[in-house]
Amino acid sequence: EAMLGIDPLDLCPAKPPRLSDYADPALLPPLRLREGGTLPAEATRNFLEMLQFTPIDPPYAGIEAALAGLDRASVDALVWALVEAWVRAGGSPASAWALQSIAHAGSDSRVKSLAAEIRRWPREKAKSRALLGLEVLARMGTDVALLFLDDLSKKARNKDVEARAKELLTEVAEVRGLSALELEDRLVPTLELDEHGARSFAIGARTLTVRFDEQLAPYLLDAAGKRLDKIHKDKSDEPEALKAAQDAWKELKADAAQVAKALTSRLDRAMCEERRWDHPTFRGLFVKHPFSQHLGRRVVWGVFAEESSTPSATFRVAEDGSYADANDDAITVADDASIGVVHPLHLEAA
């Protein structure tokens, strides 16, 4: 009872640590509150002290409690400024809490920046720093973080970084009870799309809807159905909502390009290696997933008997999630069916 009665907020040093010299709150971006206003200087110092003394796993409970009241964009700006200050100060592994703070307080918007640095650091004779960065991505454990970790395991251009990234992915897969390939299948962020694979930006009196073209590139539709490639200013727009929508649109385009590239490459390998999925897994990965459904509807799928390369039936996924054959007639796929991408070599010319 005494052990279980401990408040996790009490699991902190009796005396706060001396902040690293590079972490001067006065030189870092201010933290903003979700309800408006700026966090007082003393509270900002408290937040930095929590980031400094917390173990990598599990993190100190006070961090999550603080994040509940903070504007996440300002937190992202703070932790990235911390990383940059740490690097300028020499980037010593002994004071790498700044880098680890991304895992505790950073969002997916910081992942791309960190992945770029992980690629660059070994070329600057800072391989140990890059290896620490991989640990941070694994600790974050979000789909976006693991997607970039997977990419680094293949194309980091440094054998030690690639090897460590593979090890970390294997560890994450084991914790989740998955194989490495099964984990890879699931590394597809939703990109904040809804169950129909769409997303909307409300900007004052108007709303723009996101759709995807044949190359999985996003585009916008206005209320009249007119296609737009960017968010133009309108006199009815609310300035803050416009800025937020433009930032979100820019981020969505970049993320969609990254995810689409990884997903199409992964499916190409699956076709060549004759990978198969059971029906429930297939629906979860390629029919119901908010982003993957856009690619799932553009691929010819096959039903395969065990050990066979030739499909017993082929189908496409219709817009409503049902299945249709080459004549556009509805077909039914058994729950115990084995499904894979059809390779052209295994089809007759007709």
# chains A, B, ... in the order shown; residues from 1 in each chain; ligands from 1

call {"tool": "closest_atom_pairs", "arguments": {"of": "region 38-127 of chain A", "to": "region 6-9 of chain A", "cutoff": "10 Å", "atoms": "only C-alpha atoms", "output": "CSV"}}
result
residue,atom,partner,partner_atom,distance
A:Tyr60,CA,A:Leu9,CA,7.3
A:Ala61,CA,A:Leu9,CA,5.7
A:Gly62,CA,A:Leu9,CA,5.7
A:Ile63,CA,A:Leu9,CA,9.4
A:Ala65,CA,A:Leu9,CA,9.2

call {"tool": "select_by_dssp", "arguments": {"residues": "region 80-327 of chain A", "states": "helix (DSSP H, G or I)", "output": "JSON, numbers by chain"}}
result
{"A": [80, 81, 82, 83, 84, 85, 86, 87, 88, 93, 94, 95, 97, 98, 99, 100, 101, 102, 103, 104, 105, 108, 109, 110, 111, 112, 113, 114, 115, 116, 117, 118, 119, 120, 121, 122, 123, 124, 127, 128, 129, 130, 131, 132, 133, 134, 135, 136, 137, 138, 139, 140, 143, 144, 145, 146, 147, 148, 149, 150, 151, 152, 153, 154, 155, 159, 160, 161, 162, 163, 164, 165, 166, 167, 168, 169, 170, 171, 172, 173, 174, 175, 180, 181, 182, 183, 184, 185, 239, 240, 241, 242, 243, 244, 245, 246, 247, 248, 249, 250, 251, 252, 253, 254, 255, 256, 257, 258, 259, 260, 261, 262, 263, 264, 265, 266, 267, 268, 269, 270, 271, 272, 279, 280, 281, 282, 283, 284, 285, 286, 287, 292, 293, 294, 295, 296]}

call {"tool": "atom_distance", "arguments": {"atom1": "CA of Lys166 (chain A)", "atom2": "CA of Gly340 (chain A)"}}
result
25.2 Å

call {"tool": "closest_residue", "arguments": {"among": "A:Lys235, A:Arg32, A:Arg269, A:Lys261", "to": "Leu70 (chain A)", "atoms": "only C-alpha atoms"}}
result
A:Arg32

call {"tool": "select_by_dssp", "arguments": {"residues": "region 249-320 of chain A", "states": "strand (DSSP E)", "output": "PyMOL selection string"}}
result
chain A and resi 277-278+301-304+313-317

call {"tool": "write_last_selection", "arguments": {"atoms": "N, CA and C atoms", "output": "mmCIF file, in the first residue's frame"}}
result
data_model
loop_
_atom_site.group_PDB
_atom_site.id
_atom_site.type_symbol
_atom_site.label_atom_id
_atom_site.label_comp_id
_atom_site.auth_asym_id
_atom_site.auth_seq_id
_atom_site.Cartn_x
_atom_site.Cartn_y
_atom_site.Cartn_z
ATOM 1 N N TRP A 277 -1.418 -11.167 -46.846
ATOM 2 C CA TRP A 277 -2.050 -10.747 -45.600
ATOM 3 C C TRP A 277 -3.367 -11.505 -45.441
ATOM 4 N N ASP A 278 -3.721 -11.827 -44.214
ATOM 5 C CA ASP A 278 -5.056 -12.386 -44.008
ATOM 6 C C ASP A 278 -6.077 -11.269 -44.211
ATOM 7 N N TRP A 301 -5.606 -6.284 -56.437
ATOM 8 C CA TRP A 301 -5.329 -7.267 -55.398
ATOM 9 C C TRP A 301 -5.748 -8.654 -55.874
ATOM 10 N N GLY A 302 -5.126 -9.657 -55.276
ATOM 11 C CA GLY A 302 -5.472 -11.027 -55.639
ATOM 12 C C GLY A 302 -5.739 -11.876 -54.421
ATOM 13 N N VAL A 303 -6.567 -12.896 -54.609
ATOM 14 C CA VAL A 303 -6.795 -13.913 -53.584
ATOM 15 C C VAL A 303 -5.939 -15.116 -53.973
ATOM 16 N N PHE A 304 -5.112 -15.584 -53.058
ATOM 17 C CA PHE A 304 -4.139 -16.627 -53.389
ATOM 18 C C PHE A 304 -4.333 -17.861 -52.514
ATOM 19 N N ALA A 313 -8.538 -15.240 -57.820
ATOM 20 C CA ALA A 313 -9.468 -14.157 -58.152
ATOM 21 C C ALA A 313 -8.723 -12.837 -57.978
ATOM 22 N N THR A 314 -9.136 -11.839 -58.756
ATOM 23 C CA THR A 314 -8.550 -10.507 -58.602
ATOM 24 C C THR A 314 -9.659 -9.500 -58.349
ATOM 25 N N PHE A 315 -9.322 -8.421 -57.683
ATOM 26 C CA PHE A 315 -10.339 -7.407 -57.365
ATOM 27 C C PHE A 315 -9.688 -6.060 -57.088
ATOM 28 N N ARG A 316 -10.530 -5.054 -57.098
ATOM 29 C CA ARG A 316 -10.120 -3.727 -56.637
ATOM 30 C C ARG A 316 -11.002 -3.338 -55.463
ATOM 31 N N VAL A 317 -10.541 -2.381 -54.682
ATOM 32 C CA VAL A 317 -11.333 -1.857 -53.569
ATOM 33 C C VAL A 317 -12.123 -0.658 -54.077
#

call {"tool": "residues_around", "arguments": {"residues": "Leu183 (chain A)", "least_positions_apart": "6", "cutoff": "12 Å", "atoms": "only C-alpha atoms", "output": "list of chain:residue names"}}
result
A:Gly141, A:Thr142, A:Asp143, A:Leu146, A:Leu147, A:Leu149, A:Asp150, A:Lys166, A:Leu168, A:Leu169, A:Thr170, A:Glu171, A:Val172, A:Ala173, A:Glu174, A:Val175, A:Arg176, A:Gly177, A:Leu285

call {"tool": "write_last_selection", "arguments": {"atoms": "N, CA and C atoms", "output": "PDB file, in the first residue's frame"}}
result
ATOM      1  N   GLY A 141       8.048   6.663 -30.327  1.00  0.00           N
ATOM      2  CA  GLY A 141       7.184   5.544 -30.679  1.00  0.00           C
ATOM      3  C   GLY A 141       5.954   5.876 -31.493  1.00  0.00           C
ATOM      4  N   THR A 142       5.823   7.111 -31.989  1.00  0.00           N
ATOM      5  CA  THR A 142       4.673   7.440 -32.830  1.00  0.00           C
ATOM      6  C   THR A 142       4.886   6.854 -34.219  1.00  0.00           C
ATOM      7  N   ASP A 143       3.813   6.769 -35.003  1.00  0.00           N
ATOM      8  CA  ASP A 143       3.939   6.243 -36.362  1.00  0.00           C
ATOM      9  C   ASP A 143       4.938   7.052 -37.173  1.00  0.00           C
ATOM     10  N   LEU A 146       8.568   6.348 -35.969  1.00  0.00           N
ATOM     11  CA  LEU A 146       9.021   5.028 -36.392  1.00  0.00           C
ATOM     12  C   LEU A 146       9.164   4.938 -37.902  1.00  0.00           C
ATOM     13  N   LEU A 147       8.353   5.700 -38.630  1.00  0.00           N
ATOM     14  CA  LEU A 147       8.488   5.739 -40.088  1.00  0.00           C
ATOM     15  C   LEU A 147       9.859   6.295 -40.475  1.00  0.00           C
ATOM     16  N   LEU A 149      12.475   6.356 -38.470  1.00  0.00           N
ATOM     17  CA  LEU A 149      13.470   5.401 -37.974  1.00  0.00           C
ATOM     18  C   LEU A 149      13.650   4.270 -38.985  1.00  0.00           C
ATOM     19  N   ASP A 150      12.557   3.806 -39.558  1.00  0.00           N
ATOM     20  CA  ASP A 150      12.617   2.771 -40.589  1.00  0.00           C
ATOM     21  C   ASP A 150      13.385   3.272 -41.810  1.00  0.00           C
ATOM     22  N   LYS A 166      17.920  -0.462 -37.155  1.00  0.00           N
ATOM     23  CA  LYS A 166      17.290  -1.767 -37.333  1.00  0.00           C
ATOM     24  C   LYS A 166      17.102  -2.471 -35.997  1.00  0.00           C
ATOM     25  N   LEU A 168      16.743  -1.092 -33.043  1.00  0.00           N
ATOM     26  CA  LEU A 168      15.683  -0.424 -32.285  1.00  0.00           C
ATOM     27  C   LEU A 168      14.302  -0.789 -32.828  1.00  0.00           C
ATOM     28  N   LEU A 169      14.169  -0.881 -34.153  1.00  0.00           N
ATOM     29  CA  LEU A 169      12.891  -1.279 -34.742  1.00  0.00           C
ATOM     30  C   LEU A 169      12.525  -2.695 -34.330  1.00  0.00           C
ATOM     31  N   THR A 170      13.523  -3.571 -34.269  1.00  0.00           N
ATOM     32  CA  THR A 170      13.280  -4.945 -33.834  1.00  0.00           C
ATOM     33  C   THR A 170      12.807  -4.968 -32.391  1.00  0.00           C
ATOM     34  N   GLU A 171      13.413  -4.134 -31.549  1.00  0.00           N
ATOM     35  CA  GLU A 171      13.010  -4.067 -30.145  1.00  0.00           C
ATOM     36  C   GLU A 171      11.575  -3.564 -30.014  1.00  0.00           C
ATOM     37  N   VAL A 172      11.232  -2.530 -30.783  1.00  0.00           N
ATOM     38  CA  VAL A 172       9.873  -1.989 -30.740  1.00  0.00           C
ATOM     39  C   VAL A 172       8.875  -3.052 -31.201  1.00  0.00           C
ATOM     40  N   ALA A 173       9.233  -3.775 -32.271  1.00  0.00           N
ATOM     41  CA  ALA A 173       8.343  -4.820 -32.784  1.00  0.00           C
ATOM     42  C   ALA A 173       8.119  -5.908 -31.743  1.00  0.00           C
ATOM     43  N   GLU A 174       9.187  -6.319 -31.056  1.00  0.00           N
ATOM     44  CA  GLU A 174       9.064  -7.364 -30.034  1.00  0.00           C
ATOM     45  C   GLU A 174       8.162  -6.917 -28.898  1.00  0.00           C
ATOM     46  N   VAL A 175       8.307  -5.669 -28.471  1.00  0.00           N
ATOM     47  CA  VAL A 175       7.461  -5.148 -27.398  1.00  0.00           C
ATOM     48  C   VAL A 175       5.986  -5.184 -27.814  1.00  0.00           C
ATOM     49  N   ARG A 176       5.717  -4.934 -29.084  1.00  0.00           N
ATOM     50  CA  ARG A 176       4.337  -4.917 -29.572  1.00  0.00           C
ATOM     51  C   ARG A 176       3.850  -6.289 -30.034  1.00  0.00           C
ATOM     52  N   GLY A 177       4.719  -7.296 -29.932  1.00  0.00           N
ATOM     53  CA  GLY A 177       4.323  -8.639 -30.336  1.00  0.00           C
ATOM     54  C   GLY A 177       4.187  -8.801 -31.832  1.00  0.00           C
ATOM     55  N   LEU A 285      -5.217  -2.526 -42.898  1.00  0.00           N
ATOM     56  CA  LEU A 285      -4.058  -1.825 -43.446  1.00  0.00           C
ATOM     57  C   LEU A 285      -4.375  -1.012 -44.694  1.00  0.00           C
TER      58      LEU A 285
END

call {"tool": "closest_residue", "arguments": {"among": "A:Arg206, A:His196, A:Arg139, A:His104", "to": "His232 (chain A)", "atoms": "only C-alpha atoms"}}
result
A:Arg206
